[in-house]
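A.B. asks: This is model.tsv, which holds TSV, C-alpha atoms:
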chain	number	residue	atom	x	y	z
G	22	MET	CA	47.40	-57.13	5.65
G	23	LEU	CA	43.85	-55.77	5.34
G	24	LYS	CA	42.29	-55.06	1.95
G	25	ARG	CA	40.79	-51.83	3.26
G	26	GLY	CA	42.84	-48.68	3.63
G	27	ALA	CA	43.60	-46.96	6.92
G	28	LEU	CA	40.89	-44.34	6.30
G	29	HIS	CA	38.20	-46.78	5.16
G	30	GLY	CA	34.80	-45.55	6.35
G	31	ILE	CA	35.72	-41.87	6.12
G	32	LYS	CA	33.65	-39.96	3.54
G	33	VAL	CA	35.19	-36.81	2.05
G	34	ILE	CA	33.33	-34.25	-0.05
G	35	ASP	CA	35.95	-32.65	-2.24
G	36	LEU	CA	35.20	-29.21	-3.72
G	37	THR	CA	38.83	-28.58	-4.68
G	38	ARG	CA	40.48	-28.06	-8.04
G	39	VAL	CA	43.91	-27.70	-9.68
G	40	ILE	CA	46.68	-28.88	-7.27
G	41	SER	CA	46.74	-27.86	-3.60
G	42	GLY	CA	43.29	-29.17	-2.66
G	43	PRO	CA	43.30	-32.21	-4.96
G	44	PHE	CA	46.70	-33.23	-3.54
G	45	CYS	CA	45.22	-33.09	-0.04
G	46	THR	CA	42.23	-35.25	-0.97
G	47	LEU	CA	44.47	-37.57	-3.01
G	48	LEU	CA	46.42	-38.39	0.15
G	49	LEU	CA	43.18	-39.23	1.95
G	50	ALA	CA	41.87	-41.27	-0.99
G	51	ASP	CA	45.11	-43.24	-1.30
G	52	MET	CA	44.66	-44.29	2.31
G	53	GLY	CA	41.17	-45.61	1.64
G	54	ALA	CA	38.82	-42.68	2.30
G	55	GLU	CA	35.81	-42.40	-0.01
G	56	VAL	CA	36.47	-39.12	-1.79
G	57	ILE	CA	33.61	-37.65	-3.83
G	58	LYS	CA	35.02	-34.98	-6.12
G	59	VAL	CA	32.34	-32.36	-6.80
G	60	GLU	CA	33.07	-30.65	-10.12
G	61	PRO	CA	31.34	-27.79	-11.93
G	62	PRO	CA	29.74	-28.63	-15.30
G	63	LYS	CA	32.99	-27.73	-17.12
G	64	GLY	CA	35.04	-29.89	-14.78
G	65	ASP	CA	38.34	-29.25	-12.99
G	66	ASN	CA	40.56	-27.11	-15.26
G	67	VAL	CA	43.36	-29.66	-14.93
G	68	ARG	CA	41.32	-32.11	-17.01
G	69	ASN	CA	42.38	-30.01	-20.02
G	70	GLN	CA	46.04	-29.54	-19.11
G	71	GLY	CA	49.29	-31.43	-19.51
G	72	ASN	CA	49.92	-34.44	-21.73
G	73	PHE	CA	47.09	-36.78	-22.71
G	74	VAL	CA	46.89	-40.56	-22.88
G	75	GLY	CA	43.89	-41.86	-24.82
G	76	GLY	CA	42.27	-38.42	-24.59
G	77	PHE	CA	42.70	-38.30	-20.78
G	78	SER	CA	44.98	-35.88	-18.93
G	79	ALA	CA	47.86	-37.69	-17.22
G	80	TYR	CA	48.23	-34.60	-15.01
G	81	PHE	CA	44.62	-34.91	-13.83
G	82	SER	CA	45.02	-38.66	-13.35
G	83	GLN	CA	48.02	-38.23	-11.05
G	84	PHE	CA	46.14	-35.97	-8.62
G	85	ASN	CA	42.67	-37.50	-8.80
G	86	ARG	CA	43.10	-41.27	-8.71
G	87	ASN	CA	41.03	-43.14	-6.11
G	88	LYS	CA	38.22	-40.54	-6.30
G	89	LYS	CA	34.63	-40.50	-7.54
G	90	SER	CA	33.39	-37.60	-9.67
G	91	ILE	CA	29.98	-35.97	-9.63
G	92	VAL	CA	28.84	-32.76	-11.32
G	93	LEU	CA	27.04	-30.04	-9.36
G	94	ASP	CA	26.53	-26.37	-10.18
G	95	LEU	CA	26.77	-24.82	-6.73
G	96	TYR	CA	25.10	-21.65	-7.96
G	97	GLU	CA	21.90	-23.63	-8.60
G	98	ASP	CA	19.53	-24.18	-5.66
G	99	LYS	CA	18.79	-27.84	-6.44
G	100	ASP	CA	22.50	-28.65	-6.59
G	101	LYS	CA	23.10	-26.79	-3.32
G	102	GLU	CA	20.46	-29.03	-1.77
G	103	ALA	CA	22.26	-32.08	-3.16
G	104	LEU	CA	25.51	-30.90	-1.57
G	105	LYS	CA	23.70	-30.29	1.70
G	106	SER	CA	22.40	-33.86	1.63
G	107	LEU	CA	25.88	-35.19	0.96
G	108	LEU	CA	27.27	-33.23	3.90
G	109	THR	CA	24.75	-34.67	6.35
G	110	GLU	CA	26.48	-38.03	6.10
G	111	ALA	CA	30.04	-36.87	5.34
G	112	ASP	CA	33.01	-36.75	7.67
G	113	VAL	CA	35.07	-34.12	5.86
G	114	LEU	CA	34.49	-31.20	3.48
G	115	VAL	CA	37.54	-29.80	1.66
G	116	ASP	CA	37.72	-26.66	-0.47
G	117	ASN	CA	40.44	-24.41	-1.86
G	118	PHE	CA	38.28	-21.45	-2.79
G	119	ARG	CA	39.27	-17.92	-1.97
G	120	PRO	CA	38.17	-17.15	1.63
G	121	GLY	CA	34.49	-16.21	1.75
G	122	VAL	CA	33.37	-18.01	-1.42
G	123	LEU	CA	31.91	-20.98	0.43
G	124	SER	CA	29.95	-18.62	2.69
G	125	LYS	CA	28.73	-16.67	-0.32
G	126	ILE	CA	27.11	-19.76	-1.81
G	127	GLY	CA	25.39	-20.56	1.49
G	128	PHE	CA	27.80	-22.84	3.36
G	129	ASP	CA	29.36	-20.67	6.06
G	130	GLU	CA	30.73	-22.21	9.23
G	131	GLU	CA	27.52	-21.79	11.23
G	132	THR	CA	25.44	-23.42	8.48
G	133	LEU	CA	27.86	-26.33	8.18
G	134	ARG	CA	27.63	-26.93	11.95
G	135	LYS	CA	23.84	-27.05	11.68
G	136	ILE	CA	23.98	-29.45	8.75
G	137	ASN	CA	26.40	-31.80	10.49
G	138	PRO	CA	27.96	-31.05	13.90
G	139	LYS	CA	30.54	-33.80	13.35
G	140	LEU	CA	31.70	-32.43	10.01
G	141	ILE	CA	35.34	-31.41	9.63
G	142	ASN	CA	35.52	-28.54	7.15
G	143	ALA	CA	39.00	-27.97	5.77
G	144	SER	CA	40.27	-25.26	3.46
G	145	VAL	CA	43.47	-24.41	1.62
G	146	ASN	CA	43.98	-20.78	0.62
G	147	GLY	CA	46.75	-18.43	-0.39
G	148	PHE	CA	47.35	-16.07	2.52
G	149	GLY	CA	45.05	-17.18	5.33
G	150	SER	CA	41.43	-16.20	5.88
G	151	GLU	CA	42.09	-13.08	7.96
G	152	GLY	CA	43.88	-9.84	7.15
G	153	GLU	CA	44.20	-7.54	4.16
G	154	LEU	CA	45.91	-10.10	1.90
G	155	SER	CA	43.28	-12.81	2.32
G	156	GLN	CA	41.37	-11.77	-0.82
G	157	ARG	CA	44.37	-11.59	-3.11
G	158	PRO	CA	44.51	-14.18	-5.89
G	159	ALA	CA	47.11	-16.78	-4.97
G	160	PHE	CA	49.32	-19.00	-7.07
G	161	ASP	CA	52.28	-21.17	-6.20
G	162	PHE	CA	54.75	-18.82	-7.90
G	163	ILE	CA	53.51	-15.88	-5.81
G	164	ALA	CA	53.63	-17.92	-2.59
G	165	GLN	CA	57.20	-18.98	-3.33
G	166	ALA	CA	58.08	-15.31	-3.78
G	167	MET	CA	56.28	-13.98	-0.69
G	168	SER	CA	57.30	-16.69	1.79
G	169	GLY	CA	61.04	-16.02	1.64
G	170	PHE	CA	61.51	-19.40	-0.04
G	171	MET	CA	62.40	-18.06	-3.49
G	172	HIS	CA	64.76	-15.45	-2.06
G	173	MET	CA	66.87	-18.13	-0.39
G	174	ASN	CA	67.14	-20.33	-3.49
G	175	GLY	CA	69.89	-19.83	-6.03
G	176	SER	CA	72.99	-17.72	-5.50
G	177	ASP	CA	74.03	-14.09	-5.71
G	178	GLN	CA	74.80	-14.73	-9.38
G	179	THR	CA	71.42	-16.27	-10.26
G	180	GLY	CA	69.22	-14.13	-8.06
G	181	PRO	CA	65.99	-15.62	-6.64
G	182	VAL	CA	65.06	-19.03	-8.08
G	183	ARG	CA	61.71	-20.83	-7.96
G	184	SER	CA	61.35	-24.49	-7.16
G	185	ALA	CA	60.77	-26.60	-10.28
G	186	ILE	CA	57.74	-28.19	-8.60
G	187	PRO	CA	54.71	-26.24	-7.29
G	188	ILE	CA	56.02	-26.72	-3.79
G	189	SER	CA	53.70	-24.33	-1.95
G	190	ASP	CA	50.65	-26.09	-3.42
G	191	LEU	CA	51.98	-29.50	-2.44
G	192	VAL	CA	53.07	-28.50	1.06
G	193	ALA	CA	49.71	-26.82	1.75
G	194	GLY	CA	47.89	-29.94	0.56
G	195	LEU	CA	50.08	-32.13	2.72
G	196	TYR	CA	49.53	-29.96	5.80
G	197	CYS	CA	45.79	-29.85	5.18
G	198	ALA	CA	45.62	-33.65	5.01
G	199	PHE	CA	47.63	-33.83	8.24
G	200	GLY	CA	45.23	-31.34	9.87
G	201	ILE	CA	42.23	-33.36	8.75
G	202	VAL	CA	43.62	-36.58	10.23
G	203	CYS	CA	44.34	-34.69	13.49
G	204	ALA	CA	40.77	-33.36	13.54
G	205	LEU	CA	39.39	-36.85	12.93
G	206	GLN	CA	41.35	-38.14	15.90
G	207	ALA	CA	40.16	-35.24	18.07
G	208	ARG	CA	36.58	-36.01	17.03
G	209	ASN	CA	36.96	-39.48	18.56
G	210	HIS	CA	37.14	-37.70	21.92
G	211	THR	CA	34.93	-34.64	21.45
G	212	LYS	CA	32.32	-36.14	19.10
G	213	LEU	CA	32.40	-32.80	17.27
G	214	GLY	CA	33.89	-31.53	14.04
G	215	GLN	CA	36.00	-28.42	13.64
G	216	SER	CA	37.52	-26.24	10.94
G	217	VAL	CA	40.98	-26.86	9.51
G	218	GLU	CA	42.88	-24.24	7.53
G	219	THR	CA	46.26	-23.92	5.90
G	220	SER	CA	47.69	-21.61	3.27
G	221	LEU	CA	50.30	-21.71	0.55
G	222	THR	CA	52.40	-19.04	2.26
G	223	SER	CA	52.17	-20.35	5.83
G	224	GLY	CA	53.13	-23.82	4.65
G	225	LEU	CA	56.31	-22.58	3.00
G	226	ILE	CA	57.17	-20.23	5.86
G	227	SER	CA	57.01	-23.21	8.22
G	228	LEU	CA	59.54	-25.06	6.02
G	229	MET	CA	61.91	-22.14	6.43
G	230	ALA	CA	62.31	-22.98	10.13
G	231	TYR	CA	65.94	-24.07	9.75
G	232	LEU	CA	66.97	-20.79	8.13
G	233	SER	CA	64.56	-18.75	10.23
G	234	SER	CA	66.33	-19.82	13.41
G	235	GLU	CA	69.45	-18.08	12.10
G	236	TYR	CA	67.53	-14.89	11.34
G	237	PHE	CA	65.85	-14.84	14.78
G	238	VAL	CA	69.27	-14.89	16.45
G	239	THR	CA	71.25	-12.60	14.12
G	240	LYS	CA	68.43	-10.36	12.79
G	241	LYS	CA	70.10	-10.74	9.37
G	242	ASN	CA	68.95	-12.55	6.25
G	243	PRO	CA	70.91	-15.80	5.80
G	244	ILE	CA	73.41	-15.73	2.96
G	245	LYS	CA	72.45	-17.47	-0.29
G	246	THR	CA	74.59	-20.55	-0.67
G	247	GLY	CA	73.18	-22.20	-3.79
G	248	ASN	CA	74.22	-25.85	-3.81
G	249	ASN	CA	76.60	-25.34	-0.91
G	250	HIS	CA	75.57	-25.98	2.70
G	251	PRO	CA	75.08	-22.80	4.76
G	252	ILE	CA	76.97	-24.09	7.82
G	253	LEU	CA	79.21	-26.87	6.49
G	254	SER	CA	82.18	-26.98	4.14
G	255	PRO	CA	83.03	-28.88	2.02
G	256	TYR	CA	79.47	-29.97	1.18
G	257	GLY	CA	77.58	-29.68	-2.10
G	258	LEU	CA	77.96	-30.38	-5.80
G	259	PHE	CA	81.38	-31.11	-7.25
G	260	LYS	CA	82.51	-31.56	-10.86
G	261	THR	CA	83.55	-34.95	-12.18
G	262	LYS	CA	84.92	-36.10	-15.51
G	263	ASP	CA	81.42	-36.71	-16.87
G	264	GLY	CA	79.09	-34.57	-14.80
G	265	ASN	CA	78.41	-33.66	-11.17
G	266	ILE	CA	78.27	-35.47	-7.86
G	267	ALA	CA	76.48	-34.52	-4.65
G	268	VAL	CA	78.64	-35.06	-1.56
G	269	ALA	CA	77.40	-34.59	2.02
G	270	PRO	CA	80.16	-34.84	4.65
G	271	ALA	CA	77.97	-33.77	7.57
G	272	ASN	CA	80.67	-33.54	10.28
G	273	ASP	CA	84.42	-33.17	10.78
G	274	LYS	CA	84.98	-36.94	10.71
G	275	LEU	CA	83.23	-37.32	7.35
G	276	CYS	CA	85.01	-34.25	6.05
G	277	GLY	CA	88.30	-36.06	6.77
G	278	VAL	CA	87.03	-39.23	5.08
G	279	PHE	CA	85.95	-37.25	2.00
G	280	LEU	CA	89.20	-35.36	1.57
G	281	ASN	CA	91.33	-38.45	2.23
G	282	GLU	CA	89.43	-40.47	-0.38
G	283	VAL	CA	89.88	-37.68	-2.91
G	284	GLY	CA	93.59	-37.56	-2.06
G	285	LEU	CA	93.43	-34.17	-0.39
G	286	GLY	CA	93.70	-35.12	3.28
G	287	ASP	CA	96.67	-32.78	3.77
G	288	LEU	CA	94.37	-29.80	3.19
G	289	LEU	CA	93.14	-30.18	6.77
G	290	LYS	CA	96.60	-29.12	7.92
G	291	ASN	CA	96.44	-25.95	5.88
G	292	LYS	CA	95.91	-22.93	8.16
G	293	ILE	CA	92.97	-21.67	6.08
G	294	PHE	CA	91.16	-25.05	6.24
G	295	LEU	CA	91.88	-26.13	9.82
G	296	ASN	CA	88.27	-26.13	10.98
G	297	ASN	CA	84.76	-25.84	9.59
G	298	SER	CA	84.49	-22.09	10.21
G	299	LEU	CA	87.68	-21.44	8.26
G	300	ARG	CA	86.59	-23.79	5.50
G	301	ILE	CA	83.30	-21.88	5.14
G	302	LYS	CA	85.20	-18.61	5.02
G	303	ASN	CA	87.47	-20.01	2.30
G	304	ARG	CA	84.84	-22.21	0.65
G	305	ASN	CA	85.43	-21.02	-2.93
G	306	LYS	CA	89.13	-21.82	-2.77
G	307	LEU	CA	88.48	-25.21	-1.18
G	308	ASN	CA	85.82	-26.14	-3.74
G	309	GLU	CA	88.15	-25.13	-6.56
G	310	ILE	CA	90.86	-27.47	-5.26
G	311	ILE	CA	88.39	-30.34	-4.79
G	312	ASN	CA	86.92	-29.86	-8.28
G	313	SER	CA	90.38	-29.92	-9.86
G	314	LYS	CA	90.94	-33.35	-8.32
G	315	MET	CA	87.49	-34.90	-8.77
G	316	CYS	CA	87.17	-33.90	-12.43
G	317	LEU	CA	89.88	-36.45	-13.27
G	318	ARG	CA	87.55	-39.43	-12.59
G	319	THR	CA	83.95	-40.30	-13.44
G	320	THR	CA	80.88	-39.77	-11.27
G	321	ASP	CA	80.36	-43.52	-10.87
G	322	PHE	CA	83.94	-43.96	-9.72
G	323	TRP	CA	83.55	-41.35	-6.97
G	324	VAL	CA	80.07	-42.53	-5.91
G	325	LYS	CA	81.38	-46.06	-5.32
G	326	LYS	CA	84.61	-44.95	-3.68
G	327	LEU	CA	83.05	-42.42	-1.30
G	328	ASN	CA	80.08	-44.55	-0.24
G	329	LYS	CA	82.36	-47.53	0.39
G	330	ALA	CA	84.36	-45.29	2.74
G	331	GLY	CA	81.17	-44.16	4.52
G	332	CYS	CA	80.88	-40.67	3.01
G	333	PRO	CA	77.37	-39.95	1.60
G	334	ALA	CA	77.56	-39.27	-2.14
G	335	GLY	CA	75.21	-39.63	-5.09
G	336	LYS	CA	74.84	-38.92	-8.75
G	337	VAL	CA	72.59	-36.03	-9.76
G	338	PHE	CA	69.79	-37.95	-11.48
G	339	SER	CA	67.61	-36.50	-14.17
G	340	LEU	CA	63.90	-37.07	-13.57
G	341	SER	CA	63.89	-39.98	-16.03
G	342	GLU	CA	66.86	-41.56	-14.25
G	343	ALA	CA	65.18	-41.16	-10.85
G	344	LEU	CA	61.88	-42.65	-12.03
G	345	ASN	CA	63.68	-45.62	-13.59
G	346	SER	CA	66.20	-46.06	-10.79
G	347	LYS	CA	66.60	-48.96	-8.42
G	348	ILE	CA	65.37	-46.65	-5.67
G	349	SER	CA	61.99	-46.18	-7.39
G	350	LYS	CA	61.72	-49.87	-8.20
G	351	ASP	CA	62.62	-51.01	-4.68
G	352	THR	CA	60.12	-48.62	-3.09
G	353	ASN	CA	57.36	-49.05	-5.70
G	354	MET	CA	57.32	-45.35	-6.46
G	355	VAL	CA	56.06	-45.80	-10.02
G	356	ILE	CA	52.62	-47.33	-10.50
G	357	GLN	CA	50.21	-47.59	-13.42
G	358	SER	CA	46.48	-47.10	-13.79
G	359	GLU	CA	44.53	-48.85	-16.53
G	360	GLY	CA	41.44	-47.11	-17.83
G	361	PRO	CA	38.91	-47.62	-20.62
G	362	GLY	CA	40.21	-48.48	-24.08
G	363	ASN	CA	43.43	-49.97	-22.72
G	364	ARG	CA	44.39	-46.52	-21.41
G	365	LYS	CA	47.52	-46.98	-19.30
G	366	ILE	CA	48.88	-44.03	-17.34
G	367	LYS	CA	52.02	-44.20	-15.24
G	368	MET	CA	52.23	-42.05	-12.12
G	369	THR	CA	54.23	-41.70	-8.93
G	370	GLY	CA	53.32	-44.12	-6.15
G	371	PHE	CA	52.76	-43.98	-2.42
G	372	PRO	CA	55.58	-42.56	-0.26
G	373	VAL	CA	54.05	-43.60	3.08
G	374	LYS	CA	54.15	-47.36	3.63
G	375	LEU	CA	51.73	-48.90	6.17
G	376	SER	CA	52.25	-52.59	6.90
G	377	ARG	CA	48.62	-53.54	7.69
G	378	THR	CA	46.56	-50.95	5.82
G	379	PRO	CA	48.72	-49.73	2.94
G	380	ALA	CA	47.83	-47.10	0.39
G	381	LYS	CA	46.58	-48.58	-2.86
G	382	LEU	CA	45.32	-47.73	-6.32
G	383	PHE	CA	41.70	-48.50	-5.48
G	384	ARG	CA	40.26	-46.86	-8.62
G	385	ASN	CA	41.40	-44.91	-11.67
G	386	ALA	CA	40.92	-41.16	-11.92
G	387	PRO	CA	37.27	-40.62	-12.86
G	388	GLU	CA	35.70	-39.30	-16.02
G	389	LEU	CA	33.81	-36.03	-15.45
G	390	GLY	CA	30.59	-36.90	-13.63
G	391	GLU	CA	31.27	-40.63	-13.85
G	392	HIS	CA	29.68	-41.30	-10.47
G	393	SER	CA	26.89	-38.69	-10.50
G	394	GLU	CA	24.12	-41.22	-10.96
G	395	GLU	CA	25.55	-43.63	-8.38
G	396	VAL	CA	26.03	-40.97	-5.70
G	397	LEU	CA	23.07	-38.67	-6.34
G	398	SER	CA	20.49	-41.40	-6.97
G	399	GLY	CA	21.43	-42.79	-3.57
G	400	LEU	CA	20.53	-39.44	-2.05
G	401	ASN	CA	17.20	-39.36	-3.86
G	402	LYS	CA	16.28	-42.78	-2.50
G	403	LYS	CA	17.05	-41.64	1.04
G	404	ASN	CA	14.99	-38.52	0.59
Would you mind writing the file's structure down as structure tokens?

C.D. replies:
Amino acid sequence: MLKRGALHGIKVIDLTRVISGPFCTLLLADMGAEVIKVEPPKGDNVRNQGNFVGGFSAYFSQFNRNKKSIVLDLYEDKDKEALKSLLTEADVLVDNFRPGVLSKIGFDEETLRKINPKLINASVNGFGSEGELSQRPAFDFIAQAMSGFMHMNGSDQTGPVRSAIPISDLVAGLYCAFGIVCALQARNHTKLGQSVETSLTSGLISLMAYLSSEYFVTKKNPIKTGNNHPILSPYGLFKTKDGNIAVAPANDKLCGVFLNEVGLGDLLKNKIFLNNSLRIKNRNKLNEIINSKMCLRTTDFWVKKLNKAGCPAGKVFSLSEALNSKISKDTNMVIQSEGPGNRKIKMTGFPVKLSRTPAKLFRNAPELGEHSEEVLSGLNKKN
């Protein structure tokens, strides 16, 4: 195992703030890239949000670990020159400004190519950089609404439901990081940089591929199914004596295993439950029968019984249960940073495991401008 990360030697200039962009650069930093977070004098807004540990935002820490922070006012000429100097030796520039802002402050695509032909300039925006919606303000909630994602969540009773997490921000950041790594690989062959772009809406629309395939064939919006599966029955959440259980019998064989273990195997002989199509048509009746049986025993009882028989089933964990579960412990998905003044902040860990060059907590999230002198004095010496 090497001490350096997979992206060691890659220098990223990070102009992003809040979530979508910082999540992108976090993924690069976790894999060993040197990420220099360029903040305005007031800092990233997230520094002042969420819960605080020792006067430091845990929210900010989660998304900005493994980065350096410098302060530049990009509306000041001398600070623009400092950014220009940084870009001459950088591999990647990332921003999540509204389209056109970077050009307005003097760093349009043509200028960036002149500064550094090998530079990969990546951006995350709301609705793409072309078209009439490109200048609209964009937030995760709006992207969830306009991508079709929110419309498909929930049920007819609940109406549209948002994801509890800012999923469009996170997906866009993930796609942008993927695009950057692709562009870095392409540069190995072409010796040239290129632009990378993704948006909150396009990211979520791409995740709708499974449901979109149904629309493309039928020309009809898929039916909301809530916690039920759109093309399988029985499948979903069922009531137990002390809560709920998620059960996923993904084929006819597992359906038989599930119903037999619950003591309802004879239902498969019933003319309204003979096959999957009929079970979907009569889903409410089938779920009612299953619930009446499963509510007699505890969740733990059914989880053990069903999994032993080979039918996928699991308890619906609260967030605290998930973070403290054996799953999180076995996969090291909770880590802790230790900052000044014995400041200890827990955060989620690294989901991608590399055997030789793993992601690591190389450094704590930085104080505002913590590395300005280190980074900028180096530029002055070169100049």

A.B. asks: Quick one: distance from CA of Pro138 (chain G) to CA of Lys212 (chain G) in Å, one decimal?

C.D. replies: 8.5 Å

A.B. asks: Could you tell me which of G:Val74, G:Ile310, G:Ile163, G:Leu285 comes closest to Asn363 (chain G) if we count all atoms listed in the file?

C.D. replies: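 Among G:Val74, G:Ile310, G:Ile163, G:Leu285, it is G:Val74 that comes nearest to Asn363 (chain G).
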
A.B. asks: Could you pull the residues within 9 Å of Gly169 (chain G), counting all atoms listed in the file, minus those fewer than 3 positions along the same chain, as a list in words?

C.D. replies: Ala164, Gln165, Ala166, His172, Met173, Leu225, Ile226 and Met229 of chain G

A.B. asks: Give me the residues within 6 Å of region 47-62 of chain G as a ChimeraX atom specification, counting all atoms listed in the file and dropping any in the same chain fewer than 6 places off.

C.D. replies: /G:26-29,31-36,87-94,380-381

A.B. asks: Might you pull out every residue within 7 Å of region 115-120 of chain G, with all atoms listed in the file counted and same-chain residues fewer than 2 positions away left off, and present them as JSON, numbers by chain?

C.D. replies: {"G": [34, 35, 36, 37, 42, 113, 122, 142, 143, 144, 145, 146, 150, 155, 156]}

A.B. asks: Just the residues within 12 Å of Ser233 (chain G), please, counting only C-alpha atoms, with nothing from its chain fewer than 2 positions along; format it as a ChimeraX atom specification.

C.D. replies: /G:168-170,173,225-231,235-244

A.B. asks: For those residues, write C-alpha atoms to a file as a PDB file, keeping the file's coordinate frame.

C.D. replies:
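Result file follows (part_21.pdb):
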ATOM      1  CA  SER G 168      57.300 -16.690   1.790  1.00  0.00           C
ATOM      2  CA  GLY G 169      61.040 -16.020   1.640  1.00  0.00           C
ATOM      3  CA  PHE G 170      61.510 -19.400  -0.040  1.00  0.00           C
ATOM      4  CA  MET G 173      66.870 -18.130  -0.390  1.00  0.00           C
ATOM      5  CA  LEU G 225      56.310 -22.580   3.000  1.00  0.00           C
ATOM      6  CA  ILE G 226      57.170 -20.230   5.860  1.00  0.00           C
ATOM      7  CA  SER G 227      57.010 -23.210   8.220  1.00  0.00           C
ATOM      8  CA  LEU G 228      59.540 -25.060   6.020  1.00  0.00           C
ATOM      9  CA  MET G 229      61.910 -22.140   6.430  1.00  0.00           C
ATOM     10  CA  ALA G 230      62.310 -22.980  10.130  1.00  0.00           C
ATOM     11  CA  TYR G 231      65.940 -24.070   9.750  1.00  0.00           C
ATOM     12  CA  GLU G 235      69.450 -18.080  12.100  1.00  0.00           C
ATOM     13  CA  TYR G 236      67.530 -14.890  11.340  1.00  0.00           C
ATOM     14  CA  PHE G 237      65.850 -14.840  14.780  1.00  0.00           C
ATOM     15  CA  VAL G 238      69.270 -14.890  16.450  1.00  0.00           C
ATOM     16  CA  THR G 239      71.250 -12.600  14.120  1.00  0.00           C
ATOM     17  CA  LYS G 240      68.430 -10.360  12.790  1.00  0.00           C
ATOM     18  CA  LYS G 241      70.100 -10.740   9.370  1.00  0.00           C
ATOM     19  CA  ASN G 242      68.950 -12.550   6.250  1.00  0.00           C
ATOM     20  CA  PRO G 243      70.910 -15.800   5.800  1.00  0.00           C
ATOM     21  CA  ILE G 244      73.410 -15.730   2.960  1.00  0.00           C
TER      22      ILE G 244
END

A.B. asks: Using all atoms listed in the file, which of G:Val278, G:Ala159, G:Leu114, G:Leu299 sits nearest Ala198 (chain G)?

C.D. replies: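 Of G:Val278, G:Ala159, G:Leu114, G:Leu299, the one nearest Ala198 (chain G) is G:Leu114, counting all atoms listed in the file.
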
A.B. asks: With all atoms listed in the file as the counted atoms, please give the residues lying no more than 9 Å from Phe77 (chain G), apart from itself and same-chain residues fewer than 6 positions off, as a PyMOL selection string.

C.D. replies: chain G and resi 68-69+364+388

A.B. asks: May I ask for the distance between CA of Asp351 (chain G) and CA of Thr369 (chain G), given in Å to one decimal place?

C.D. replies: 13.2 Å

A.B. asks: How many Å separate CA of Leu253 (chain G) from CA of Glu309 (chain G)?

C.D. replies: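 Atom-to-atom, CA of Leu253 (chain G) to CA of Glu309 (chain G), that is 15.9 Å.
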
A.B. asks: Taking the point (78.2, -31.3, -2.8) as given in the file, collect each protein or nucleic acid residue that comes within 10 Å of it, counting only C-alpha atoms, and present the set as a ChimeraX atom specification.

C.D. replies: /G:248-250,254-260,265-270,308,333-335

A.B. asks: From the options G:Ala330, G:Phe44, G:Ala386, G:Phe81, which residue's atoms come nearest to Leu191 (chain G), counting all atoms listed in the file?

C.D. replies: G:Phe44

A.B. asks: Find, counting only C-alpha atoms, the residue in G:Ser398, G:Asn174, G:Asn291, G:Ser41 that gets nearest to Thr219 (chain G).

C.D. replies: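 Among the listed residues, the smallest separation from Thr219 (chain G) belongs to G:Ser41.
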
A.B. asks: Between G:Thr46, G:Ala79, G:Phe84, G:Leu397, which has the minimum distance to Val202 (chain G) (counting only C-alpha atoms)?

C.D. replies: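 Among G:Thr46, G:Ala79, G:Phe84, G:Leu397, it is G:Thr46 that comes nearest to Val202 (chain G).
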
A.B. asks: So, counting all atoms listed in the file, which residue among G:Arg157, G:Thr222, G:Leu140, G:Glu359 is closest to Val192 (chain G)?

C.D. replies: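 Smallest separation from Val192 (chain G) among the options: G:Thr222.
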